[in-house]
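Asker: Quick one: structure below, then a few questions.
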Amino acid sequence: MSGRARLLIPLAAFGLAAAVAAALATGPLGAPPGDLLAAATGQGTPQAELALALRLPRVLTALLTGAGLAAAGAALQILFRNPLVAPDLLGVSSGAGLGAAVALLAGAATVGIQLGAFAGGVAATALTLGCARLARTGDPRLSLVLCGIVTGALASAGLGLAAVLAEPYSQLPALTYWLLGSFGRATLSEAALALAPLAVAVAAVLALGSRLDALSLGEDQARALGLSAGRLRLVVVGAAALATSASVAVAGVVGWIGLLAPHAARALVGPAAGRLIPAAMVLGAGLALGVDRLSLALGPAETPVGLLAALIGAPAFLVLFVLSGRRA
């Protein structure tokens, strides 16, 4: 790891920790950090205990969602050697949202919704990869992006159909939550359920970091090193789908984080997986937390974080893309 990366990653982690403390300590329900620490041990003031009870699940869910989407996006970009690849553009997010919506309409519990999200994300990924392989165009990157757009459109149409079929007074509000994305209904139990699959997915992509770097040099180079490109691709895609699906299961469809955070991290620490994925996770968690804080500050009613993520992420990604092109 370069000296710059050794400095930037701890600084980013420190900044994220400070942002978490500020999110818990400021605002109408805020409490001093000392009171929050005391409340965590059951000895705090009523205001600090209320702040922890209401804000901590939301903050944890934002952090987990942002880190999971960023890790998935970074792993997919390295795997396919394509900086435009992300869970959003491959249709994984929309597919996971559709799977969660189907499970929700079927009356499934939280675990069932998470399993439905995972199944939808895996199915969307398989459809995108299969379409790109069948297309056989001159530019495989373009094929992958176009097939991802088609898959996302199909999943979005399925979500629209689910909204039409949903019962308007009980199921439709919950379904709207998935469509727009929100951390407002998060609970500690749901965050804990999402933590296990996210930890497995992140551990998998981090453990495969050196192999991802080898595969990014080309399949011939990977084979020369004794790596099975097909098996590695399957594991990484499955891990990315798992991370994305777990994020969708607790927060709904929140786009652009999985595309923007890896780009920003690559500009800071370089393309090596061992430092790109952790840096992207820190930036993704911070971005999700920042969007969540902004969603509460814009007005008396909460603004859906999925909408804000798109409003912020799209122009920010365009700026990063233009700057990276000029540097090249």
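Letters A, B, ... mark the chains of the structure tokens in the order given; residue numbers begin at 1 per chain; ligand numbers begin at 1, in order shown.
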Show which residues sit within 6 Å of region 46-63 of chain A, as a ChimeraX atom specification. Count only C-alpha atoms, and ignore same-chain residues fewer than 6 positions away.
Answerer: /A:29,31,35-36,39,183,186-188,191,285,288-289
Asker: Near Gly209 (chain A), within 9 Å and counting only C-alpha atoms, which residues show up once chain neighbours fewer than 6 positions away are dropped, as a list in words?
Answerer: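 Within the cut-off, the hits are Ala75, Ala272, Ala273, Gly274, Arg275 and Ile277 of chain A.
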Asker: What does the distance from CA of Leu260 (chain A) to CA of Arg185 (chain A) come to in Å, to one decimal?
Answerer: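 According to the coordinates, CA of Leu260 (chain A) and CA of Arg185 (chain A) are separated by 24.9 Å.
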Asker: Write out as a compact mmCIF listing (two decimals) with all heavy atoms, in the first residue's frame the residues lying within 8 Å of Leu84 (chain A), counting only C-alpha atoms and excluding same-chain residues fewer than 4 positions away.
Answerer:
# COMPACT_ATOMS: atom_id res chain seq x y z
N GLN A 77 -16.53 -3.38 -10.69
CA GLN A 77 -15.72 -2.58 -11.61
C GLN A 77 -14.36 -3.22 -11.86
O GLN A 77 -13.86 -3.22 -12.99
CB GLN A 77 -15.56 -1.17 -11.06
CG GLN A 77 -16.83 -0.34 -11.12
CD GLN A 77 -16.66 1.04 -10.54
OE1 GLN A 77 -15.54 1.50 -10.32
NE2 GLN A 77 -17.76 1.73 -10.29
N LEU A 89 -26.33 -0.15 -12.68
CA LEU A 89 -26.28 -0.30 -14.13
C LEU A 89 -26.40 -1.76 -14.57
O LEU A 89 -26.80 -2.03 -15.70
CB LEU A 89 -24.99 0.31 -14.68
CG LEU A 89 -24.90 1.84 -14.60
CD1 LEU A 89 -23.60 2.33 -15.21
CD2 LEU A 89 -26.08 2.50 -15.30
N VAL A 145 -23.25 -2.73 -20.36
CA VAL A 145 -24.03 -1.59 -19.87
C VAL A 145 -25.44 -1.60 -20.47
O VAL A 145 -26.44 -1.40 -19.77
CB VAL A 145 -23.31 -0.27 -20.19
CG1 VAL A 145 -24.20 0.92 -19.88
CG2 VAL A 145 -22.01 -0.17 -19.40
N LEU A 259 -21.75 3.31 -7.67
CA LEU A 259 -21.00 3.79 -8.83
C LEU A 259 -20.08 4.94 -8.44
O LEU A 259 -18.92 5.00 -8.87
CB LEU A 259 -21.97 4.24 -9.92
CG LEU A 259 -21.36 4.76 -11.22
CD1 LEU A 259 -20.56 3.66 -11.91
CD2 LEU A 259 -22.44 5.30 -12.15
Asker: Which of these residues is nearest to Glu167 (chain A), using only C-alpha atoms: A:Ala229, A:Val236, A:Met281, A:Leu105?
Answerer: A:Leu105
Asker: Can you tell me how far CA of Gly258 (chain A) sits from CA of Ala25 (chain A), in Å to one decimal?
Answerer: 27.8 Å
Asker: Determine the nearest neighbour of Leu294 (chain A) from the options A:Ala166, A:Ile312, A:Leu37, A:Val122, counting only C-alpha atoms.
Answerer: A:Ile312
